[in-house]
file target-v4.pdb (PDB, C-alpha atoms)
ATOM      1  CA  MET A   1      97.442  89.964  82.108
ATOM      2  CA  ASN A   2      99.153  93.371  82.169
ATOM      3  CA  ILE A   3     102.375  93.249  84.219
ATOM      4  CA  LEU A   4     101.541  96.410  86.188
ATOM      5  CA  TYR A   5      98.176  94.889  87.071
ATOM      6  CA  GLU A   6      99.926  91.691  88.213
ATOM      7  CA  PHE A   7     102.304  93.623  90.469
ATOM      8  CA  ASN A   8      99.436  95.507  92.078
ATOM      9  CA  ILE A   9      97.468  92.302  92.650
ATOM     10  CA  SER A  10     100.494  90.601  94.230
ATOM     11  CA  ILE A  11     101.093  93.480  96.647
ATOM     12  CA  PHE A  12      97.416  93.534  97.590
ATOM     13  CA  ALA A  13      97.392  89.749  98.042
ATOM     14  CA  VAL A  14     100.219  89.954 100.587
ATOM     15  CA  PHE A  15      98.476  92.721 102.527
ATOM     16  CA  PHE A  16      95.064  91.056 102.546
ATOM     17  CA  THR A  17      96.518  87.663 103.512
ATOM     18  CA  LEU A  18      98.175  89.175 106.579
ATOM     19  CA  PHE A  19      95.057  91.185 107.389
ATOM     20  CA  ALA A  20      92.732  88.166 107.003
ATOM     21  CA  VAL A  21      94.809  86.263 109.550
ATOM     22  CA  GLU A  22      94.516  89.210 111.941
ATOM     23  CA  VAL A  23      90.747  89.326 111.467
ATOM     24  CA  GLY A  24      90.612  85.667 112.508
ATOM     25  CA  ILE A  25      92.773  86.427 115.548
ATOM     26  CA  ALA A  26      90.577  89.413 116.437
ATOM     27  CA  PHE A  27      87.462  87.231 116.448
ATOM     28  CA  GLN A  28      89.219  84.621 118.587
ATOM     29  CA  ILE A  29      90.170  87.325 121.110
ATOM     30  CA  LEU A  30      86.628  88.747 121.176
ATOM     31  CA  LEU A  31      85.207  85.251 121.672
ATOM     32  CA  GLY A  32      87.745  84.545 124.412
ATOM     33  CA  ARG A  33      89.064  81.500 122.573
ATOM     34  CA  GLY A  34      92.334  80.339 121.114
ATOM     35  CA  LYS A  35      95.892  80.554 122.361
ATOM     36  CA  THR A  36      95.984  84.254 123.165
ATOM     37  CA  ALA A  37      99.644  84.337 124.197
ATOM     38  CA  GLU A  38     100.778  82.677 120.958
ATOM     39  CA  MET A  39      98.548  84.914 118.844
ATOM     40  CA  ILE A  40      99.918  88.037 120.507
ATOM     41  CA  ARG A  41     103.496  86.836 119.949
ATOM     42  CA  TYR A  42     102.588  86.509 116.269
ATOM     43  CA  ILE A  43     100.977  89.962 116.057
ATOM     44  CA  THR A  44     103.700  91.810 118.000
ATOM     45  CA  PRO A  45     106.282  91.848 115.195
ATOM     46  CA  ILE A  46     103.965  91.409 112.196
ATOM     47  CA  TRP A  47     101.399  94.190 112.695
ATOM     48  CA  GLU A  48     103.774  96.868 111.386
ATOM     49  CA  ILE A  49     104.468  94.790 108.275
ATOM     50  CA  THR A  50     100.729  94.578 107.574
ATOM     51  CA  GLY A  51     100.514  98.367 107.738
ATOM     52  CA  THR A  52     103.618  98.762 105.559
ATOM     53  CA  PHE A  53     102.154  96.553 102.841
ATOM     54  CA  ALA A  54      98.879  98.496 103.059
ATOM     55  CA  VAL A  55     100.711 101.783 102.453
ATOM     56  CA  PHE A  56     102.825 100.208  99.693
ATOM     57  CA  PHE A  57      99.668  98.928  97.972
ATOM     58  CA  VAL A  58      97.938 102.331  98.142
ATOM     59  CA  MET A  59     100.967 104.177  96.759
ATOM     60  CA  ASN A  60     101.457 101.592  94.014
ATOM     61  CA  PHE A  61      97.744 101.702  93.157
ATOM     62  CA  ILE A  62      97.900 105.474  92.740
ATOM     63  CA  ALA A  63     100.967 105.157  90.494
ATOM     64  CA  THR A  64      99.485 102.243  88.505
ATOM     65  CA  PHE A  65      95.952 103.628  88.040
ATOM     66  CA  PRO A  66      96.367 107.432  88.341
ATOM     67  CA  SER A  67      93.245 108.311  86.339
ATOM     68  CA  ALA A  68      91.067 106.031  88.495
ATOM     69  CA  ILE A  69      91.764 108.019  91.666
ATOM     70  CA  SER A  70      89.248 110.679  90.636
ATOM     71  CA  ILE A  71      86.533 108.009  90.921
ATOM     72  CA  ILE A  72      87.740 105.713  93.683
ATOM     73  CA  GLY A  73      89.414 108.362  95.836
ATOM     74  CA  THR A  74      86.347 110.611  95.696
ATOM     75  CA  ALA A  75      83.639 107.979  96.085
ATOM     76  CA  TYR A  76      85.193 105.901  98.860
ATOM     77  CA  VAL A  77      86.922 108.646 100.833
ATOM     78  CA  ALA A  78      84.418 108.559 103.754
ATOM     79  CA  PRO A  79      84.477 104.791 104.539
ATOM     80  CA  LEU A  80      88.241 104.621 103.947
ATOM     81  CA  LEU A  81      88.917 107.528 106.321
ATOM     82  CA  ILE A  82      86.715 105.878 108.958
ATOM     83  CA  ALA A  83      88.603 102.622 108.381
ATOM     84  CA  ALA A  84      91.906 104.501 108.821
ATOM     85  CA  LEU A  85      90.617 105.921 112.121
ATOM     86  CA  PHE A  86      89.782 102.452 113.448
ATOM     87  CA  PHE A  87      93.134 101.208 112.124
ATOM     88  CA  ILE A  88      94.801 103.809 114.381
ATOM     89  CA  PHE A  89      92.697 102.565 117.317
ATOM     90  CA  ARG A  90      93.768  99.023 116.431
ATOM     91  CA  ASN A  91      97.440  99.965 116.580
ATOM     92  CA  ALA A  92      97.128 101.950 119.808
ATOM     93  CA  PHE A  93      95.157  99.353 121.782
ATOM     94  CA  LEU A  94      97.327  96.524 120.483
ATOM     95  CA  ALA A  95     100.321  98.348 121.968
ATOM     96  CA  TYR A  96      98.421  98.887 125.241
ATOM     97  CA  GLY A  97      97.426  95.219 125.355
ATOM     98  CA  ILE A  98     100.966  94.011 124.717
ATOM     99  CA  TYR A  99     102.934  96.300 127.011
ATOM    100  CA  TYR A 100     100.465  96.965 129.851
ATOM    101  CA  LYS A 101     100.747  94.223 132.465
ATOM    102  CA  GLY A 102      97.854  95.194 134.705
ATOM    103  CA  SER A 103      94.296  93.903 134.961
ATOM    104  CA  SER A 104      93.178  96.024 131.990
ATOM    105  CA  ASN A 105      95.377  94.043 129.590
ATOM    106  CA  ARG A 106      92.576  91.811 128.292
ATOM    107  CA  SER A 107      90.201  94.784 127.932
ATOM    108  CA  TYR A 108      92.750  96.578 125.748
ATOM    109  CA  LEU A 109      93.110  93.477 123.590
ATOM    110  CA  ARG A 110      89.333  93.249 123.189
ATOM    111  CA  VAL A 111      89.268  96.871 121.992
ATOM    112  CA  TYR A 112      92.055  95.939 119.560
ATOM    113  CA  GLY A 113      89.971  92.986 118.366
ATOM    114  CA  LEU A 114      86.840  95.101 117.932
ATOM    115  CA  ALA A 115      88.738  97.856 116.075
ATOM    116  CA  THR A 116      90.295  95.237 113.776
ATOM    117  CA  VAL A 117      86.906  93.687 113.007
ATOM    118  CA  ILE A 118      85.334  97.103 112.274
ATOM    119  CA  THR A 119      88.290  98.020 110.045
ATOM    120  CA  GLY A 120      87.815  94.730 108.215
ATOM    121  CA  PHE A 121      84.084  95.395 107.838
ATOM    122  CA  LEU A 122      84.752  98.776 106.214
ATOM    123  CA  VAL A 123      87.609  97.578 104.001
ATOM    124  CA  ILE A 124      85.662  94.546 102.775
ATOM    125  CA  GLY A 125      82.674  96.803 102.099
ATOM    126  CA  VAL A 126      84.764  99.057  99.861
ATOM    127  CA  LEU A 127      86.442  96.130  98.107
ATOM    128  CA  SER A 128      83.160  94.312  97.467
ATOM    129  CA  SER A 129      81.664  97.504  96.036
ATOM    130  CA  ALA A 130      84.683  98.028  93.766
ATOM    131  CA  ILE A 131      84.285  94.442  92.559
ATOM    132  CA  SER A 132      80.504  94.289  92.200
ATOM    133  CA  GLY A 133      79.480  97.920  91.632
ATOM    134  CA  PHE A 134      76.911  97.844  94.459
ATOM    135  CA  GLY A 135      76.480 101.194  96.209
ATOM    136  CA  ILE A 136      78.530 103.328  93.804
ATOM    137  CA  SER A 137      77.654 105.664  90.951
ATOM    138  CA  ILE A 138      80.503 105.860  88.435
ATOM    139  CA  GLU A 139      79.021 108.924  86.705
ATOM    140  CA  THR A 140      78.930 111.049  89.859
ATOM    141  CA  ALA A 141      81.800 109.309  91.735
ATOM    142  CA  SER A 142      79.552 108.960  94.782
ATOM    143  CA  ILE A 143      78.376 106.152  97.032
ATOM    144  CA  ASN A 144      75.180 105.197  98.800
ATOM    145  CA  MET A 145      76.410 104.103 102.241
ATOM    146  CA  PRO A 146      73.323 102.066 103.248
ATOM    147  CA  ILE A 147      73.469 100.075  99.993
ATOM    148  CA  LEU A 148      77.248  99.778 100.239
ATOM    149  CA  PHE A 149      76.984  97.904 103.546
ATOM    150  CA  THR A 150      73.661  96.079 103.159
ATOM    151  CA  ASN A 151      73.787  94.672  99.617
ATOM    152  CA  PRO A 152      73.680  90.853  99.453
ATOM    153  CA  PHE A 153      76.989  90.467  97.609
ATOM    154  CA  PHE A 154      78.853  92.257 100.416
ATOM    155  CA  LEU A 155      77.030  90.473 103.247
ATOM    156  CA  ILE A 156      77.694  87.018 101.787
ATOM    157  CA  MET A 157      81.327  87.886 101.054
ATOM    158  CA  LEU A 158      81.740  89.268 104.596
ATOM    159  CA  VAL A 159      80.481  86.033 106.163
ATOM    160  CA  SER A 160      82.705  84.036 103.817
ATOM    161  CA  ILE A 161      85.843  85.987 104.740
ATOM    162  CA  ILE A 162      85.095  85.710 108.467
ATOM    163  CA  LEU A 163      84.693  81.926 108.223
ATOM    164  CA  ILE A 164      87.866  81.579 106.155
ATOM    165  CA  SER A 165      89.781  83.826 108.595
ATOM    166  CA  LEU A 166      88.752  81.612 111.503
ATOM    167  CA  MET A 167      89.979  78.566 109.573
ATOM    168  CA  LEU A 168      93.322  80.254 108.898
ATOM    169  CA  SER A 169      93.850  81.229 112.541
ATOM    170  CA  SER A 170      92.996  77.707 113.733
ATOM    171  CA  ALA A 171      95.440  76.151 111.245
ATOM    172  CA  ILE A 172      98.286  78.547 112.062
ATOM    173  CA  PHE A 173      97.960  78.381 115.840
ATOM    174  CA  ASP A 174      96.986  74.709 116.152
ATOM    175  CA  MET A 175      93.762  75.420 118.041
ATOM    176  CA  ASN A 176      91.350  72.953 119.501
ATOM    177  CA  LYS A 177      88.247  72.032 117.477
ATOM    178  CA  LYS A 178      90.163  72.386 114.188
ATOM    179  CA  PRO A 179      87.638  70.154 112.343
ATOM    180  CA  LEU A 180      84.882  72.630 113.240
ATOM    181  CA  TYR A 181      86.953  75.582 112.047
ATOM    182  CA  PHE A 182      87.885  73.822 108.822
ATOM    183  CA  LEU A 183      84.255  72.949 108.212
ATOM    184  CA  ALA A 184      83.425  76.642 108.699
ATOM    185  CA  GLY A 185      86.192  77.569 106.239
ATOM    186  CA  ILE A 186      84.908  75.123 103.601
ATOM    187  CA  VAL A 187      81.417  76.577 104.025
ATOM    188  CA  GLY A 188      82.949  80.043 103.595
ATOM    189  CA  ILE A 189      84.609  78.978 100.331
ATOM    190  CA  LEU A 190      81.395  77.452  98.997
ATOM    191  CA  ILE A 191      79.211  80.468  99.747
ATOM    192  CA  ALA A 192      81.852  82.754  98.195
ATOM    193  CA  LEU A 193      81.668  80.679  95.011
ATOM    194  CA  LEU A 194      77.861  80.850  95.055
ATOM    195  CA  ASP A 195      78.101  84.610  95.586
ATOM    196  CA  LEU A 196      80.287  84.908  92.500
ATOM    197  CA  TYR A 197      78.084  82.586  90.455
ATOM    198  CA  TYR A 198      74.923  84.544  91.221
ATOM    199  CA  TYR A 199      76.193  88.151  91.172
ATOM    200  CA  LEU A 200      79.428  88.067  89.124
ATOM    201  CA  ASN A 201      79.092  85.141  86.766
ATOM    202  CA  TYR A 202      81.905  86.384  84.519
ATOM    203  CA  ALA A 203      84.324  86.126  87.462
ATOM    204  CA  PHE A 204      83.036  82.664  88.346
ATOM    205  CA  VAL A 205      83.692  81.531  84.757
ATOM    206  CA  GLY A 206      87.071  83.257  84.966
ATOM    207  CA  LEU A 207      88.097  80.833  87.713
ATOM    208  CA  LEU A 208      87.956  78.004  85.179
ATOM    209  CA  HIS A 209      90.035  80.040  82.739
ATOM    210  CA  ASN A 210      92.829  80.237  85.339
ATOM    211  CA  ILE A 211      93.118  76.497  85.743
ATOM    212  CA  THR A 212      96.740  76.496  86.960
ATOM    213  CA  LEU A 213      96.028  78.876  89.832
ATOM    214  CA  LEU A 214      92.780  77.021  90.602
ATOM    215  CA  LEU A 215      94.580  73.670  90.855
ATOM    216  CA  LEU A 216      97.320  75.202  93.023
ATOM    217  CA  ALA A 217      94.684  76.664  95.360
ATOM    218  CA  ILE A 218      92.984  73.261  95.653
ATOM    219  CA  ILE A 219      96.310  71.498  96.273
ATOM    220  CA  PHE A 220      97.334  73.958  98.991
ATOM    221  CA  LEU A 221      93.898  73.729 100.616
ATOM    222  CA  ALA A 222      94.347  69.947 100.840
ATOM    223  CA  ALA A 223      97.893  70.473 102.139
ATOM    224  CA  MET A 224      96.600  72.897 104.789
ATOM    225  CA  ILE A 225      94.104  70.317 106.022
ATOM    226  CA  VAL A 226      96.711  67.530 106.097
ATOM    227  CA  THR A 227      99.403  69.603 107.814
ATOM    228  CA  ALA A 228      96.877  70.893 110.340
ATOM    229  CA  VAL A 229      96.247  67.289 111.393
ATOM    230  CA  LYS A 230      99.875  66.180 111.213
ATOM    231  CA  ARG A 231     101.768  69.235 112.448
ATOM    232  CA  ASN A 232     105.202  69.789 110.940
ATOM    233  CA  ALA A 233     107.570  72.593 109.966
ATOM    234  CA  VAL A 234     105.374  73.819 107.097
ATOM    235  CA  SER A 235     102.069  73.818 108.991
ATOM    236  CA  VAL A 236     102.312  77.558 109.638
ATOM    237  CA  VAL A 237     103.446  78.481 106.131
ATOM    238  CA  VAL A 238     100.806  76.648 104.067
ATOM    239  CA  PRO A 239      97.769  78.743 105.192
ATOM    240  CA  PHE A 240      99.530  81.963 104.164
ATOM    241  CA  VAL A 241     100.462  80.555 100.749
ATOM    242  CA  TRP A 242      96.929  79.237 100.200
ATOM    243  CA  MET A 243      95.291  82.575 101.047
ATOM    244  CA  PHE A 244      97.739  84.428  98.800
ATOM    245  CA  LEU A 245      96.909  82.077  95.909
ATOM    246  CA  VAL A 246      93.158  82.455  96.457
ATOM    247  CA  ILE A 247      93.346  86.259  96.294
ATOM    248  CA  VAL A 248      95.512  86.191  93.155
ATOM    249  CA  LEU A 249      93.148  83.607  91.618
ATOM    250  CA  PHE A 250      90.057  85.702  92.323
ATOM    251  CA  SER A 251      91.712  88.878  91.013
ATOM    252  CA  SER A 252      92.829  87.081  87.861
ATOM    253  CA  ALA A 253      89.326  85.636  87.341
ATOM    254  CA  ALA A 254      87.750  89.102  87.523
ATOM    255  CA  TYR A 255      90.431  90.704  85.305
ATOM    256  CA  PRO A 256      90.229  93.254  83.763
ATOM    257  CA  TYR A 257      86.879  94.492  85.104
ATOM    258  CA  TRP A 258      85.824  96.619  88.085
ATOM    259  CA  PHE A 259      82.398  97.594  89.396
ATOM    260  CA  GLY A 260      80.561  94.526  88.115
ATOM    261  CA  LYS A 261      82.071  94.698  84.607
ATOM    262  CA  GLU A 262      81.032  98.347  84.287
ATOM    263  CA  ILE A 263      84.543  99.542  83.449
ATOM    264  CA  ASN A 264      87.723  97.997  82.058
ATOM    265  CA  ALA A 265      90.509  98.672  84.558
ATOM    266  CA  THR A 266      93.262  98.517  81.936
ATOM    267  CA  SER A 267      91.959 101.782  80.473
ATOM    268  CA  TYR A 268      93.040 103.488  83.718
ATOM    269  CA  LEU A 269      96.612 102.158  83.682
ATOM    270  CA  SER A 270      99.612 104.496  83.556
ATOM    271  CA  SER A 271     100.862 105.531  80.135
ATOM    272  CA  THR A 272     103.554 103.395  78.517
ATOM    273  CA  ALA A 273     106.385 105.750  79.464
ATOM    274  CA  THR A 274     105.191 106.279  83.035
ATOM    275  CA  GLY A 275     104.257 102.630  83.401
ATOM    276  CA  THR A 276     107.845 101.558  82.683
ATOM    277  CA  TYR A 277     109.152 103.622  85.611
ATOM    278  CA  VAL A 278     106.302 102.444  87.831
ATOM    279  CA  SER A 279     107.256  98.846  86.983
ATOM    280  CA  TYR A 280     110.903  99.426  87.936
ATOM    281  CA  ILE A 281     109.979 101.169  91.176
ATOM    282  CA  THR A 282     107.457  98.466  92.050
ATOM    283  CA  ILE A 283     109.917  95.651  91.368
ATOM    284  CA  ILE A 284     112.711  97.284  93.360
ATOM    285  CA  GLY A 285     110.414  98.415  96.195
ATOM    286  CA  GLY A 286     108.592  95.079  96.317
ATOM    287  CA  LEU A 287     111.875  93.157  96.327
ATOM    288  CA  LEU A 288     113.340  95.266  99.140
ATOM    289  CA  LEU A 289     110.125  95.013 101.152
ATOM    290  CA  THR A 290     109.922  91.243 100.635
ATOM    291  CA  LEU A 291     113.562  90.688 101.594
ATOM    292  CA  SER A 292     113.075  92.883 104.665
ATOM    293  CA  LEU A 293     109.955  90.891 105.574
ATOM    294  CA  ILE A 294     111.794  87.570 105.222
ATOM    295  CA  TYR A 295     114.708  88.766 107.355
ATOM    296  CA  PHE A 296     112.338  90.275 109.918
ATOM    297  CA  VAL A 297     110.398  87.012 110.204
ATOM    298  CA  TYR A 298     113.699  85.175 110.628
ATOM    299  CA  ILE A 299     114.971  87.340 113.503
ATOM    300  CA  ALA A 300     111.527  87.700 115.144
ATOM    301  CA  TYR A 301     110.378  84.070 115.016
ATOM    302  CA  PHE A 302     113.247  81.755 114.291
ATOM    303  CA  LYS A 303     116.363  83.391 115.712
ATOM    304  CA  SER A 304     114.440  84.372 118.832
ATOM    305  CA  LYS A 305     112.965  80.826 118.955
ATOM    306  CA  LYS A 306     109.394  82.037 118.786
ATOM    307  CA  ALA A 307     108.387  80.146 115.688
ATOM    308  CA  TYR A 308     105.132  78.231 115.898
TER     309      TYR A 308
END
call {"tool": "encode", "arguments": {"input": "target-v4.pdb", "output": "structure tokens"}}
result
Amino acid sequence: MNILYEFNISIFAVFFTLFAVEVGIAFQILLGRGKTAEMIRYITPIWEITGTFAVFFVMNFIATFPSAISIIGTAYVAPLLIAALFFIFRNAFLAYGIYYKGSSNRSYLRVYGLATVITGFLVIGVLSSAISGFGISIETASINMPILFTNPFFLIMLVSIILISLMLSSAIFDMNKKPLYFLAGIVGILIALLDLYYYLNYAFVGLLHNITLLLLAIIFLAAMIVTAVKRNAVSVVVPFVWMFLVIVLFSSAAYPYWFGKEINATSYLSSTATGTYVSYITIIGGLLLTLSLIYFVYIAYFKSKKAY
């Protein structure tokens, strides 16, 4: 796999892992379940990091695939701008919910949860279209919004991600009824695999061609189940690692195709000369961001004794 492509996938995997956990938290808040206080203590320091990785991914994507922006940036501008609007609502009402101590506190958090879920709906819609090609015309760089958000590939993938997000939140925050959540997560994994098999068979076959990543994902899934039952120091870490591996595995299985194998993404990569500088910037920026994240997690959760 091209090294620039690998960097971009890794950055995206970090962002989407953090965001998937937040989607699970948002659903728990909307349903009035889970350990709200613990979930809010998790979100309080981490929500800015999620946004930082999102911006870092977008900037790196533009630098890595500059010639693809004319298609993706034009076609998906409407749903992405709407998603950005709800992302702003998410940030604002999260702040209100955290710092306002009156009776409206829970209402603010519900608005945060709803805005997060809607943002996730829009983002997953765009991602599923970019993967499958549903709802987009490459020739005209335009989208059909009804098809974009009603095609079966997207709907199945949406349900799968929701179920997996609920499993992640239950494992991280040691919620009651973990067996039910883990059953939901396993169902989510299975229907995602069926979705790939039926609509993107080349990506399904690609999973078997990435046997090392596949085995690691299976091992960490088993470890997540075991550590969720027997809580220990790594119980919180394992779900994040597993989700990161799953995203990298899926991206590697679909490599190098976008839009349902309609185009080869490597043809949109930066030129050799430009790509070298992009690689250096990505490595340095990614390293600084990762080190900052590690130190931030240390002072926010461990030094302040708020680790879960």
call {"tool": "resolve_selection", "arguments": {"input": "target-v4.pdb", "expression": "the PyMOL selection byres ((chain A and resi 187-190) around 7)", "output": "ChimeraX atom specification"}}
result
/A:159-161,163-164,183-186,191-194
call {"tool": "write_last_selection", "arguments": {"input": "target-v4.pdb", "atoms": "C-alpha atoms", "output": "PDB file, in the frame of the given file"}}
result
ATOM      1  CA  VAL A 159      80.481  86.033 106.163  1.00  0.00           C
ATOM      2  CA  SER A 160      82.705  84.036 103.817  1.00  0.00           C
ATOM      3  CA  ILE A 161      85.843  85.987 104.740  1.00  0.00           C
ATOM      4  CA  LEU A 163      84.693  81.926 108.223  1.00  0.00           C
ATOM      5  CA  ILE A 164      87.866  81.579 106.155  1.00  0.00           C
ATOM      6  CA  LEU A 183      84.255  72.949 108.212  1.00  0.00           C
ATOM      7  CA  ALA A 184      83.425  76.642 108.699  1.00  0.00           C
ATOM      8  CA  GLY A 185      86.192  77.569 106.239  1.00  0.00           C
ATOM      9  CA  ILE A 186      84.908  75.123 103.601  1.00  0.00           C
ATOM     10  CA  ILE A 191      79.211  80.468  99.747  1.00  0.00           C
ATOM     11  CA  ALA A 192      81.852  82.754  98.195  1.00  0.00           C
ATOM     12  CA  LEU A 193      81.668  80.679  95.011  1.00  0.00           C
ATOM     13  CA  LEU A 194      77.861  80.850  95.055  1.00  0.00           C
TER      14      LEU A 194
END
call {"tool": "closest_residue", "arguments": {"input": "target-v4.pdb", "among": "A:Val14, A:Ile9, A:Ala95, A:Met145", "to": "Phe61 of chain A", "atoms": "all atoms listed in the file"}}
result
A:Ile9
call {"tool": "closest_residue", "arguments": {"input": "target-v4.pdb", "among": "A:Ala115, A:Ala83, A:Phe173, A:Leu148", "to": "Ile40 of chain A", "atoms": "all atoms listed in the file"}}
result
A:Phe173
call {"tool": "resolve_selection", "arguments": {"input": "target-v4.pdb", "expression": "the PyMOL selection byres ((chain A and resi 199) around 12)", "output": "list in words"}}
result
Ser128, Ser129, Ile131, Ser132, Gly133, Phe134, Asn151, Pro152, Phe153, Phe154, Ile156, Met157, Ile191, Ala192, Leu193, Leu194, Asp195, Leu196, Tyr197, Tyr198, Leu200, Asn201, Tyr202, Ala203, Phe204, Val205, Phe259, Gly260 and Lys261 of chain A
call {"tool": "write_last_selection", "arguments": {"input": "target-v4.pdb", "atoms": "C-alpha atoms", "output": "mmCIF file, keeping the file's coordinate frame"}}
result
data_model
loop_
_atom_site.group_PDB
_atom_site.id
_atom_site.type_symbol
_atom_site.label_atom_id
_atom_site.label_comp_id
_atom_site.auth_asym_id
_atom_site.auth_seq_id
_atom_site.Cartn_x
_atom_site.Cartn_y
_atom_site.Cartn_z
ATOM 1 C CA SER A 128 83.160 94.312 97.467
ATOM 2 C CA SER A 129 81.664 97.504 96.036
ATOM 3 C CA ILE A 131 84.285 94.442 92.559
ATOM 4 C CA SER A 132 80.504 94.289 92.200
ATOM 5 C CA GLY A 133 79.480 97.920 91.632
ATOM 6 C CA PHE A 134 76.911 97.844 94.459
ATOM 7 C CA ASN A 151 73.787 94.672 99.617
ATOM 8 C CA PRO A 152 73.680 90.853 99.453
ATOM 9 C CA PHE A 153 76.989 90.467 97.609
ATOM 10 C CA PHE A 154 78.853 92.257 100.416
ATOM 11 C CA ILE A 156 77.694 87.018 101.787
ATOM 12 C CA MET A 157 81.327 87.886 101.054
ATOM 13 C CA ILE A 191 79.211 80.468 99.747
ATOM 14 C CA ALA A 192 81.852 82.754 98.195
ATOM 15 C CA LEU A 193 81.668 80.679 95.011
ATOM 16 C CA LEU A 194 77.861 80.850 95.055
ATOM 17 C CA ASP A 195 78.101 84.610 95.586
ATOM 18 C CA LEU A 196 80.287 84.908 92.500
ATOM 19 C CA TYR A 197 78.084 82.586 90.455
ATOM 20 C CA TYR A 198 74.923 84.544 91.221
ATOM 21 C CA LEU A 200 79.428 88.067 89.124
ATOM 22 C CA ASN A 201 79.092 85.141 86.766
ATOM 23 C CA TYR A 202 81.905 86.384 84.519
ATOM 24 C CA ALA A 203 84.324 86.126 87.462
ATOM 25 C CA PHE A 204 83.036 82.664 88.346
ATOM 26 C CA VAL A 205 83.692 81.531 84.757
ATOM 27 C CA PHE A 259 82.398 97.594 89.396
ATOM 28 C CA GLY A 260 80.561 94.526 88.115
ATOM 29 C CA LYS A 261 82.071 94.698 84.607
#
call {"tool": "closest_residue", "arguments": {"input": "target-v4.pdb", "among": "A:Thr212, A:Gly73, A:Ile98, A:Ile118", "to": "Leu85 of chain A", "atoms": "all atoms listed in the file"}}
result
A:Ile118
call {"tool": "atom_distance", "arguments": {"input": "target-v4.pdb", "atom1": "atom CA of Ile69 of chain A", "atom2": "atom CA of Val117 of chain A"}}
result
26.2 Å
call {"tool": "resolve_selection", "arguments": {"input": "target-v4.pdb", "expression": "the PyMOL selection byres ((chain A and resi 2) around 10)", "output": "PDB file with C-alpha atoms, in the coordinates of the input"}}
result
ATOM      1  CA  MET A   1      97.442  89.964  82.108  1.00  0.00           C
ATOM      2  CA  ILE A   3     102.375  93.249  84.219  1.00  0.00           C
ATOM      3  CA  LEU A   4     101.541  96.410  86.188  1.00  0.00           C
ATOM      4  CA  TYR A   5      98.176  94.889  87.071  1.00  0.00           C
ATOM      5  CA  GLU A   6      99.926  91.691  88.213  1.00  0.00           C
ATOM      6  CA  PHE A   7     102.304  93.623  90.469  1.00  0.00           C
ATOM      7  CA  TYR A 255      90.431  90.704  85.305  1.00  0.00           C
ATOM      8  CA  PRO A 256      90.229  93.254  83.763  1.00  0.00           C
ATOM      9  CA  THR A 266      93.262  98.517  81.936  1.00  0.00           C
ATOM     10  CA  LEU A 269      96.612 102.158  83.682  1.00  0.00           C
TER      11      LEU A 269
END
call {"tool": "atom_distance", "arguments": {"input": "target-v4.pdb", "atom1": "atom CA of Arg41 of chain A", "atom2": "atom CA of Leu114 of chain A"}}
result
18.7 Å
call {"tool": "residues_near_point", "arguments": {"input": "target-v4.pdb", "point": "(103.7, 102.9, 98.1)", "cutoff": "12 Å", "atoms": "all atoms listed in the file", "output": "compact mmCIF listing (two decimals) with C-alpha atoms, keeping the file's coordinate frame"}}
result
# COMPACT_ATOMS: atom_id res chain seq x y z
CA ASN A 8 99.44 95.51 92.08
CA ILE A 11 101.09 93.48 96.65
CA PHE A 12 97.42 93.53 97.59
CA GLY A 51 100.51 98.37 107.74
CA THR A 52 103.62 98.76 105.56
CA PHE A 53 102.15 96.55 102.84
CA ALA A 54 98.88 98.50 103.06
CA VAL A 55 100.71 101.78 102.45
CA PHE A 56 102.82 100.21 99.69
CA PHE A 57 99.67 98.93 97.97
CA VAL A 58 97.94 102.33 98.14
CA MET A 59 100.97 104.18 96.76
CA ASN A 60 101.46 101.59 94.01
CA PHE A 61 97.74 101.70 93.16
CA ILE A 62 97.90 105.47 92.74
CA ALA A 63 100.97 105.16 90.49
CA THR A 64 99.48 102.24 88.50
CA VAL A 278 106.30 102.44 87.83
CA ILE A 281 109.98 101.17 91.18
CA THR A 282 107.46 98.47 92.05
CA ILE A 283 109.92 95.65 91.37
CA ILE A 284 112.71 97.28 93.36
CA GLY A 285 110.41 98.42 96.20
CA GLY A 286 108.59 95.08 96.32
CA LEU A 289 110.12 95.01 101.15
call {"tool": "residues_around", "arguments": {"input": "target-v4.pdb", "residues": "Ile218 of chain A", "least_positions_apart": "5", "cutoff": "9 Å", "atoms": "only C-alpha atoms", "output": "list of chain:residue names"}}
result
A:Leu213, A:Ala223, A:Trp242
call {"tool": "closest_residue", "arguments": {"input": "target-v4.pdb", "among": "A:Pro79, A:Pro179, A:Gly113, A:Gly97", "to": "Phe149 of chain A", "atoms": "only C-alpha atoms"}}
result
A:Pro79
call {"tool": "atom_distance", "arguments": {"input": "target-v4.pdb", "atom1": "atom CA of Val111 of chain A", "atom2": "atom CA of Leu180 of chain A"}}
result
26.1 Å
